[in-house]
file entry-v7.pdb (PDB, C-alpha atoms, pLDDT in the B column)
MODEL        1
ATOM      1  CA  MET A  30      70.805  -4.368  17.739  1.00 59.00           C
ATOM      2  CA  THR A  31      68.349  -2.307  15.816  1.00 81.00           C
ATOM      3  CA  TRP A  32      64.769  -1.727  16.977  1.00 80.00           C
ATOM      4  CA  ILE A  33      63.301  -1.237  13.523  1.00 82.00           C
ATOM      5  CA  PRO A  34      62.505  -4.939  12.803  1.00 80.00           C
ATOM      6  CA  LEU A  35      60.949  -5.310  16.268  1.00 79.00           C
ATOM      7  CA  LEU A  36      58.916  -2.135  15.837  1.00 78.00           C
ATOM      8  CA  ALA A  37      57.805  -3.231  12.334  1.00 81.00           C
ATOM      9  CA  THR A  38      56.718  -6.597  13.731  1.00 82.00           C
ATOM     10  CA  LEU A  39      54.757  -4.902  16.509  1.00 81.00           C
ATOM     11  CA  VAL A  40      53.051  -2.482  14.092  1.00 81.00           C
ATOM     12  CA  GLY A  41      52.214  -5.401  11.782  1.00 82.00           C
ATOM     13  CA  ALA A  42      50.698  -7.336  14.682  1.00 82.00           C
ATOM     14  CA  VAL A  43      48.579  -4.343  15.726  1.00 81.00           C
ATOM     15  CA  ILE A  44      47.349  -3.852  12.158  1.00 85.00           C
ATOM     16  CA  ALA A  45      46.548  -7.569  11.809  1.00 81.00           C
ATOM     17  CA  MET A  46      44.712  -7.639  15.156  1.00 86.00           C
ATOM     18  CA  GLY A  47      42.738  -4.504  14.316  1.00 83.00           C
ATOM     19  CA  SER A  48      41.824  -5.876  10.910  1.00 84.00           C
ATOM     20  CA  ALA A  49      40.664  -9.192  12.398  1.00 82.00           C
ATOM     21  CA  LEU A  50      38.560  -7.384  15.011  1.00 81.00           C
ATOM     22  CA  LEU A  51      36.981  -5.164  12.365  1.00 83.00           C
ATOM     23  CA  VAL A  52      36.121  -8.158  10.172  1.00 81.00           C
ATOM     24  CA  GLU A  53      34.625  -9.988  13.163  1.00 82.00           C
ATOM     25  CA  ARG A  54      32.594  -6.959  14.204  1.00 85.00           C
ATOM     26  CA  ARG A  55      31.127  -6.538  10.707  1.00 85.00           C
ATOM     27  CA  LYS A  56      30.316 -10.241  10.544  1.00 81.00           C
ATOM     28  CA  THR A  57      28.526 -10.037  13.897  1.00 78.00           C
ATOM     29  CA  GLN A  58      26.587  -6.949  12.788  1.00 80.00           C
ATOM     30  CA  ARG A  59      25.540  -8.672   9.570  1.00 80.00           C
ATOM     31  CA  GLU A  60      24.410 -11.795  11.475  1.00 76.00           C
ATOM     32  CA  THR A  61      22.500  -9.660  13.960  1.00 70.00           C
ATOM     33  CA  THR A  62      20.734  -7.804  11.148  1.00 74.00           C
ATOM     34  CA  VAL A  63      19.768 -11.063   9.457  1.00 74.00           C
ATOM     35  CA  GLU A  64      18.482 -12.553  12.727  1.00 82.00           C
ATOM     36  CA  TRP A  65      16.566  -9.365  13.572  1.00 79.00           C
ATOM     37  CA  GLY A  66      14.888  -9.434  10.149  1.00 82.00           C
ATOM     38  CA  ARG A  67      14.007 -13.116  10.512  1.00 90.00           C
ATOM     39  CA  THR A  68      12.500 -12.485  13.953  1.00 90.00           C
ATOM     40  CA  ARG A  69      10.342  -9.629  12.662  1.00 92.00           C
ATOM     41  CA  ARG A  70       9.188 -11.633   9.619  1.00 93.00           C
ATOM     42  CA  GLN A  71       8.105 -14.494  11.873  1.00 95.00           C
ATOM     43  CA  LEU A  72       6.374 -12.107  14.260  1.00 96.00           C
ATOM     44  CA  TYR A  73       4.572 -10.317  11.421  1.00 97.00           C
ATOM     45  CA  ALA A  74       3.378 -13.616   9.949  1.00 96.00           C
ATOM     46  CA  ARG A  75       2.175 -14.792  13.378  1.00 97.00           C
ATOM     47  CA  PHE A  76       0.357 -11.504  14.053  1.00 97.00           C
ATOM     48  CA  LEU A  77      -1.466 -11.625  10.706  1.00 97.00           C
ATOM     49  CA  ALA A  78      -2.283 -15.331  11.070  1.00 97.00           C
ATOM     50  CA  ASP A  79      -3.585 -14.921  14.636  1.00 97.00           C
ATOM     51  CA  HIS A  80      -5.837 -12.024  13.675  1.00 97.00           C
ATOM     52  CA  ALA A  81      -7.070 -13.761  10.508  1.00 97.00           C
ATOM     53  CA  GLN A  82      -7.923 -16.832  12.575  1.00 97.00           C
ATOM     54  CA  ALA A  83      -9.770 -14.688  15.122  1.00 97.00           C
ATOM     55  CA  GLY A  84     -11.731 -12.985  12.337  1.00 97.00           C
ATOM     56  CA  SER A  85     -12.656 -16.349  10.852  1.00 96.00           C
ATOM     57  CA  ASP A  86     -13.687 -17.749  14.239  1.00 97.00           C
ATOM     58  CA  LEU A  87     -15.810 -14.668  14.932  1.00 97.00           C
ATOM     59  CA  ARG A  88     -17.458 -15.050  11.541  1.00 97.00           C
ATOM     60  CA  ASN A  89     -18.303 -18.665  12.375  1.00 97.00           C
ATOM     61  CA  ILE A  90     -19.718 -17.679  15.754  1.00 97.00           C
ATOM     62  CA  ALA A  91     -21.804 -14.923  14.156  1.00 97.00           C
ATOM     63  CA  ALA A  92     -23.172 -17.500  11.705  1.00 96.00           C
ATOM     64  CA  THR A  93     -24.073 -20.031  14.407  1.00 95.00           C
ATOM     65  CA  PRO A  94     -27.742 -19.851  15.369  1.00 91.00           C
ATOM     66  CA  GLY A  95     -29.044 -20.681  18.814  1.00 90.00           C
ATOM     67  CA  LEU A  96     -26.020 -19.827  20.974  1.00 93.00           C
ATOM     68  CA  ASP A  97     -27.064 -18.594  24.394  1.00 94.00           C
ATOM     69  CA  ALA A  98     -25.512 -15.339  25.587  1.00 94.00           C
ATOM     70  CA  SER A  99     -22.997 -16.900  27.980  1.00 95.00           C
ATOM     71  CA  GLU A 100     -21.746 -19.409  25.392  1.00 96.00           C
ATOM     72  CA  ARG A 101     -21.511 -16.693  22.720  1.00 96.00           C
ATOM     73  CA  TYR A 102     -19.524 -14.534  25.157  1.00 96.00           C
ATOM     74  CA  ARG A 103     -17.158 -17.415  26.017  1.00 97.00           C
ATOM     75  CA  GLN A 104     -16.559 -18.324  22.373  1.00 97.00           C
ATOM     76  CA  THR A 105     -15.917 -14.748  21.265  1.00 97.00           C
ATOM     77  CA  ARG A 106     -13.387 -14.210  24.052  1.00 97.00           C
ATOM     78  CA  ALA A 107     -11.643 -17.472  23.173  1.00 97.00           C
ATOM     79  CA  ALA A 108     -11.565 -16.482  19.488  1.00 97.00           C
ATOM     80  CA  TYR A 109      -9.480 -13.398  20.226  1.00 96.00           C
ATOM     81  CA  SER A 110      -7.394 -14.679  23.144  1.00 95.00           C
ATOM     82  CA  HIS A 111      -4.523 -16.020  21.003  1.00 92.00           C
ATOM     83  CA  CYS A 112      -4.033 -12.539  19.470  1.00 96.00           C
ATOM     84  CA  TYR A 113      -2.726 -10.968  22.670  1.00 95.00           C
ATOM     85  CA  THR A 114       0.753 -12.493  22.576  1.00 94.00           C
ATOM     86  CA  SER A 115       1.638 -11.503  19.021  1.00 94.00           C
ATOM     87  CA  ARG A 116       0.136  -8.051  19.530  1.00 95.00           C
ATOM     88  CA  HIS A 117       2.263  -7.355  22.601  1.00 95.00           C
ATOM     89  CA  GLU A 118       5.413  -8.759  20.977  1.00 95.00           C
ATOM     90  CA  LEU A 119       4.800  -6.553  17.974  1.00 95.00           C
ATOM     91  CA  GLU A 120       4.471  -3.480  20.207  1.00 94.00           C
ATOM     92  CA  LEU A 121       7.937  -4.233  21.585  1.00 93.00           C
ATOM     93  CA  LEU A 122       9.808  -5.239  18.437  1.00 92.00           C
ATOM     94  CA  ALA A 123       8.278  -3.402  15.489  1.00 94.00           C
ATOM     95  CA  PRO A 124       8.813   0.215  14.434  1.00 94.00           C
ATOM     96  CA  SER A 125       5.957   2.682  14.901  1.00 95.00           C
ATOM     97  CA  THR A 126       5.231   2.546  11.176  1.00 96.00           C
ATOM     98  CA  VAL A 127       4.062  -1.031  11.757  1.00 97.00           C
ATOM     99  CA  VAL A 128       2.727  -0.746  15.303  1.00 97.00           C
ATOM    100  CA  THR A 129       0.225   2.019  14.503  1.00 97.00           C
ATOM    101  CA  PRO A 130      -1.691   0.165  11.760  1.00 98.00           C
ATOM    102  CA  ALA A 131      -1.347  -3.127  13.664  1.00 98.00           C
ATOM    103  CA  GLU A 132      -2.989  -1.581  16.745  1.00 97.00           C
ATOM    104  CA  GLU A 133      -5.843  -0.326  14.549  1.00 98.00           C
ATOM    105  CA  CYS A 134      -6.209  -3.773  12.997  1.00 97.00           C
ATOM    106  CA  SER A 135      -6.256  -5.416  16.407  1.00 97.00           C
ATOM    107  CA  ARG A 136      -8.791  -2.878  17.649  1.00 97.00           C
ATOM    108  CA  ALA A 137     -11.026  -3.684  14.655  1.00 97.00           C
ATOM    109  CA  VAL A 138     -10.970  -7.400  15.527  1.00 97.00           C
ATOM    110  CA  ARG A 139     -11.838  -6.574  19.147  1.00 97.00           C
ATOM    111  CA  MET A 140     -14.748  -4.461  17.908  1.00 97.00           C
ATOM    112  CA  MET A 141     -15.935  -7.466  15.878  1.00 97.00           C
ATOM    113  CA  ARG A 142     -15.532  -9.636  18.984  1.00 97.00           C
ATOM    114  CA  ASP A 143     -17.587  -7.237  21.082  1.00 97.00           C
ATOM    115  CA  ALA A 144     -20.322  -6.950  18.449  1.00 97.00           C
ATOM    116  CA  VAL A 145     -20.612 -10.729  18.010  1.00 97.00           C
ATOM    117  CA  SER A 146     -20.530 -11.175  21.780  1.00 96.00           C
ATOM    118  CA  ALA A 147     -23.448  -8.741  22.042  1.00 95.00           C
ATOM    119  CA  GLY A 148     -25.408 -10.766  19.471  1.00 93.00           C
ATOM    120  CA  ALA A 149     -24.477  -9.378  16.041  1.00 94.00           C
ATOM    121  CA  ARG A 150     -25.269 -11.878  13.301  1.00 95.00           C
ATOM    122  CA  ILE A 151     -23.222 -12.533  10.194  1.00 95.00           C
ATOM    123  CA  ASP A 152     -25.827 -10.954   7.930  1.00 94.00           C
ATOM    124  CA  SER A 153     -26.216  -7.755   9.966  1.00 95.00           C
ATOM    125  CA  ASP A 154     -25.088  -4.408   8.582  1.00 96.00           C
ATOM    126  CA  GLN A 155     -23.032  -3.858  11.724  1.00 96.00           C
ATOM    127  CA  PHE A 156     -21.062  -7.094  11.287  1.00 96.00           C
ATOM    128  CA  GLU A 157     -20.513  -6.483   7.582  1.00 96.00           C
ATOM    129  CA  GLU A 158     -19.202  -2.962   8.237  1.00 97.00           C
ATOM    130  CA  LEU A 159     -16.893  -4.166  11.039  1.00 97.00           C
ATOM    131  CA  THR A 160     -15.597  -6.964   8.808  1.00 97.00           C
ATOM    132  CA  ARG A 161     -14.921  -4.550   5.953  1.00 97.00           C
ATOM    133  CA  ARG A 162     -13.101  -2.205   8.348  1.00 97.00           C
ATOM    134  CA  TYR A 163     -11.000  -5.056   9.724  1.00 97.00           C
ATOM    135  CA  LEU A 164     -10.055  -6.315   6.251  1.00 96.00           C
ATOM    136  CA  ASP A 165      -9.015  -2.820   5.129  1.00 98.00           C
ATOM    137  CA  LEU A 166      -6.882  -2.358   8.243  1.00 97.00           C
ATOM    138  CA  ARG A 167      -5.384  -5.827   7.845  1.00 97.00           C
ATOM    139  CA  LEU A 168      -4.217  -4.889   4.345  1.00 97.00           C
ATOM    140  CA  GLN A 169      -2.727  -1.621   5.628  1.00 98.00           C
ATOM    141  CA  THR A 170      -0.930  -3.541   8.372  1.00 98.00           C
ATOM    142  CA  ARG A 171       0.387  -6.113   5.907  1.00 97.00           C
ATOM    143  CA  ASP A 172       1.646  -3.370   3.610  1.00 97.00           C
ATOM    144  CA  ALA A 173       3.425  -1.615   6.504  1.00 97.00           C
ATOM    145  CA  MET A 174       5.023  -4.916   7.484  1.00 96.00           C
ATOM    146  CA  ARG A 175       6.174  -5.545   3.927  1.00 95.00           C
ATOM    147  CA  SER A 176       7.672  -2.058   3.722  1.00 95.00           C
ATOM    148  CA  ASP A 177       9.555  -2.643   6.954  1.00 93.00           C
ATOM    149  CA  ILE A 178      10.881  -6.013   5.809  1.00 90.00           C
ATOM    150  CA  TRP A 179      11.963  -4.657   2.429  1.00 86.00           C
ATOM    151  CA  SER A 180      13.653  -1.627   3.996  1.00 82.00           C
ATOM    152  CA  ASP A 181      16.057  -4.081   5.659  1.00 65.00           C
ATOM    153  CA  ASN A 182      16.989  -5.518   2.271  1.00 60.00           C
ATOM    154  CA  ALA A 183      17.598  -2.168   0.604  1.00 54.00           C
TER
ENDMDL
END
call {"tool": "encode", "arguments": {"input": "entry-v7.pdb", "output": "structure tokens"}}
result
Amino acid sequence: MTWIPLLATLVGAVIAMGSALLVERRKTQRETTVEWGRTRRQLYARFLADHAQAGSDLRNIAATPGLDASERYRQTRAAYSHCYTSRHELELLAPSTVVTPAEECSRAVRMMRDAVSAGARIDSDQFEELTRRYLDLRLQTRDAMRSDIWSDNA
């Protein structure tokens, strides 16, 4: 009895098994990359939406006359409170090219919150400057997020 057919069968089986494992590994990597991109896109959208909502709420509070100090303080804190979750998630999941501008953007919204809490009105120079700063940083953050998303597709 010759061992050549048995050896050829064994080599063929090893090649087939290795090929199947390689195909499966690449498929898993591709699925992981797609899921990772989807997760970041959702996080980026949530971060921008949360901060835009906080900015809008702060604008409304700044435009509301007659709020006493304690109610103004409570409302301004509530306006920003939903931003914490997306900000912390972003710090964990995003690259530094996104985290750095996002932290600046978040800081700008907190500065608006603090100014409105202290009594800044919508028509004050301080509020207008803080709003302009926030909007500029929001655009920088959005652009960094877009660059990160598109780098996955390249």
call {"tool": "closest_residue", "arguments": {"input": "entry-v7.pdb", "among": "A:Ser99, A:Val128, A:Met140, A:Gln82", "to": "Arg69 (chain A)", "atoms": "all atoms listed in the file"}}
result
A:Val128
call {"tool": "resolve_selection", "arguments": {"input": "entry-v7.pdb", "expression": "the PyMOL selection byres ((chain A and resi 165-172) around 9)", "output": "count of residues only"}}
result
24
call {"tool": "resolve_selection", "arguments": {"input": "entry-v7.pdb", "expression": "the PyMOL selection byres ((chain A and resi 144-153) around 10)", "output": "PyMOL selection string"}}
result
chain A and resi 87-94+96-106+138-143+154-160
call {"tool": "resolve_selection", "arguments": {"input": "entry-v7.pdb", "expression": "the PyMOL selection byres ((chain A and resi 112) around 8)", "output": "list in words"}}
result
Phe76, Asp79, His80, Ala83, Tyr109, Ser110, His111, Tyr113, Thr114, Ser115 and Arg116 of chain A
call {"tool": "atom_distance", "arguments": {"input": "entry-v7.pdb", "atom1": "CA of His117 (chain A)", "atom2": "CA of Leu72 (chain A)"}}
result
10.4 Å
call {"tool": "atom_distance", "arguments": {"input": "entry-v7.pdb", "atom1": "CA of Ala49 (chain A)", "atom2": "CA of Ile33 (chain A)"}}
result
24.0 Å
call {"tool": "atom_distance", "arguments": {"input": "entry-v7.pdb", "atom1": "CA of Ala74 (chain A)", "atom2": "CA of Arg59 (chain A)"}}
result
22.7 Å
call {"tool": "closest_residue", "arguments": {"input": "entry-v7.pdb", "among": "A:Leu51, A:Ala45, A:Arg136, A:Ala123", "to": "Gly66 (chain A)", "atoms": "only C-alpha atoms"}}
result
A:Ala123
call {"tool": "closest_residue", "arguments": {"input": "entry-v7.pdb", "among": "A:Gly84, A:Trp32, A:Arg75, A:Trp65", "to": "Ile178 (chain A)", "atoms": "only C-alpha atoms"}}
result
A:Trp65
call {"tool": "decode", "arguments": {"input": "entry-v7.pdb", "residues": "region 35-59 of chain A", "atoms": "N, CA and C atoms", "output": "PDB file, in the first residue's frame"}}
result
ATOM      1  N   LEU A  35      -2.873   8.858   0.644  1.00  0.00           N
ATOM      2  CA  LEU A  35      -3.257   9.249   2.003  1.00  0.00           C
ATOM      3  C   LEU A  35      -2.629  10.596   2.370  1.00  0.00           C
ATOM      4  N   LEU A  36      -1.366  10.758   2.053  1.00  0.00           N
ATOM      5  CA  LEU A  36      -0.668  12.005   2.318  1.00  0.00           C
ATOM      6  C   LEU A  36      -1.277  13.149   1.509  1.00  0.00           C
ATOM      7  N   ALA A  37      -1.630  12.895   0.248  1.00  0.00           N
ATOM      8  CA  ALA A  37      -2.250  13.932  -0.596  1.00  0.00           C
ATOM      9  C   ALA A  37      -3.609  14.335  -0.025  1.00  0.00           C
ATOM     10  N   THR A  38      -4.359  13.363   0.463  1.00  0.00           N
ATOM     11  CA  THR A  38      -5.658  13.650   1.068  1.00  0.00           C
ATOM     12  C   THR A  38      -5.485  14.496   2.327  1.00  0.00           C
ATOM     13  N   LEU A  39      -4.521  14.161   3.140  1.00  0.00           N
ATOM     14  CA  LEU A  39      -4.245  14.909   4.361  1.00  0.00           C
ATOM     15  C   LEU A  39      -3.809  16.335   4.052  1.00  0.00           C
ATOM     16  N   VAL A  40      -2.922  16.509   3.097  1.00  0.00           N
ATOM     17  CA  VAL A  40      -2.465  17.852   2.695  1.00  0.00           C
ATOM     18  C   VAL A  40      -3.644  18.655   2.150  1.00  0.00           C
ATOM     19  N   GLY A  41      -4.477  18.018   1.341  1.00  0.00           N
ATOM     20  CA  GLY A  41      -5.664  18.693   0.795  1.00  0.00           C
ATOM     21  C   GLY A  41      -6.608  19.144   1.899  1.00  0.00           C
ATOM     22  N   ALA A  42      -6.791  18.293   2.903  1.00  0.00           N
ATOM     23  CA  ALA A  42      -7.666  18.640   4.027  1.00  0.00           C
ATOM     24  C   ALA A  42      -7.107  19.819   4.819  1.00  0.00           C
ATOM     25  N   VAL A  43      -5.800  19.824   5.029  1.00  0.00           N
ATOM     26  CA  VAL A  43      -5.159  20.935   5.756  1.00  0.00           C
ATOM     27  C   VAL A  43      -5.306  22.236   4.973  1.00  0.00           C
ATOM     28  N   ILE A  44      -5.093  22.173   3.679  1.00  0.00           N
ATOM     29  CA  ILE A  44      -5.233  23.370   2.831  1.00  0.00           C
ATOM     30  C   ILE A  44      -6.679  23.861   2.862  1.00  0.00           C
ATOM     31  N   ALA A  45      -7.638  22.953   2.742  1.00  0.00           N
ATOM     32  CA  ALA A  45      -9.050  23.330   2.755  1.00  0.00           C
ATOM     33  C   ALA A  45      -9.440  23.949   4.090  1.00  0.00           C
ATOM     34  N   MET A  46      -8.970  23.344   5.193  1.00  0.00           N
ATOM     35  CA  MET A  46      -9.279  23.864   6.529  1.00  0.00           C
ATOM     36  C   MET A  46      -8.656  25.232   6.723  1.00  0.00           C
ATOM     37  N   GLY A  47      -7.421  25.391   6.320  1.00  0.00           N
ATOM     38  CA  GLY A  47      -6.746  26.692   6.440  1.00  0.00           C
ATOM     39  C   GLY A  47      -7.430  27.761   5.623  1.00  0.00           C
ATOM     40  N   SER A  48      -7.846  27.394   4.418  1.00  0.00           N
ATOM     41  CA  SER A  48      -8.544  28.341   3.546  1.00  0.00           C
ATOM     42  C   SER A  48      -9.878  28.761   4.167  1.00  0.00           C
ATOM     43  N   ALA A  49     -10.618  27.802   4.693  1.00  0.00           N
ATOM     44  CA  ALA A  49     -11.914  28.107   5.321  1.00  0.00           C
ATOM     45  C   ALA A  49     -11.723  29.021   6.538  1.00  0.00           C
ATOM     46  N   LEU A  50     -10.700  28.741   7.336  1.00  0.00           N
ATOM     47  CA  LEU A  50     -10.435  29.580   8.510  1.00  0.00           C
ATOM     48  C   LEU A  50     -10.042  31.001   8.108  1.00  0.00           C
ATOM     49  N   LEU A  51      -9.244  31.117   7.064  1.00  0.00           N
ATOM     50  CA  LEU A  51      -8.838  32.436   6.583  1.00  0.00           C
ATOM     51  C   LEU A  51     -10.039  33.233   6.074  1.00  0.00           C
ATOM     52  N   VAL A  52     -10.902  32.574   5.309  1.00  0.00           N
ATOM     53  CA  VAL A  52     -12.107  33.241   4.801  1.00  0.00           C
ATOM     54  C   VAL A  52     -12.992  33.681   5.969  1.00  0.00           C
ATOM     55  N   GLU A  53     -13.160  32.837   6.942  1.00  0.00           N
ATOM     56  CA  GLU A  53     -13.995  33.163   8.112  1.00  0.00           C
ATOM     57  C   GLU A  53     -13.401  34.319   8.908  1.00  0.00           C
ATOM     58  N   ARG A  54     -12.096  34.307   9.057  1.00  0.00           N
ATOM     59  CA  ARG A  54     -11.434  35.388   9.808  1.00  0.00           C
ATOM     60  C   ARG A  54     -11.620  36.734   9.097  1.00  0.00           C
ATOM     61  N   ARG A  55     -11.443  36.743   7.794  1.00  0.00           N
ATOM     62  CA  ARG A  55     -11.624  37.999   7.031  1.00  0.00           C
ATOM     63  C   ARG A  55     -13.063  38.470   7.092  1.00  0.00           C
ATOM     64  N   LYS A  56     -13.992  37.557   7.037  1.00  0.00           N
ATOM     65  CA  LYS A  56     -15.415  37.909   7.132  1.00  0.00           C
ATOM     66  C   LYS A  56     -15.702  38.533   8.498  1.00  0.00           C
ATOM     67  N   THR A  57     -15.177  37.935   9.545  1.00  0.00           N
ATOM     68  CA  THR A  57     -15.367  38.464  10.898  1.00  0.00           C
ATOM     69  C   THR A  57     -14.738  39.844  11.040  1.00  0.00           C
ATOM     70  N   GLN A  58     -13.545  40.027  10.489  1.00  0.00           N
ATOM     71  CA  GLN A  58     -12.892  41.340  10.544  1.00  0.00           C
ATOM     72  C   GLN A  58     -13.713  42.392   9.813  1.00  0.00           C
ATOM     73  N   ARG A  59     -14.236  42.035   8.662  1.00  0.00           N
ATOM     74  CA  ARG A  59     -15.047  42.963   7.871  1.00  0.00           C
ATOM     75  C   ARG A  59     -16.316  43.332   8.640  1.00  0.00           C
TER      76      ARG A  59
END
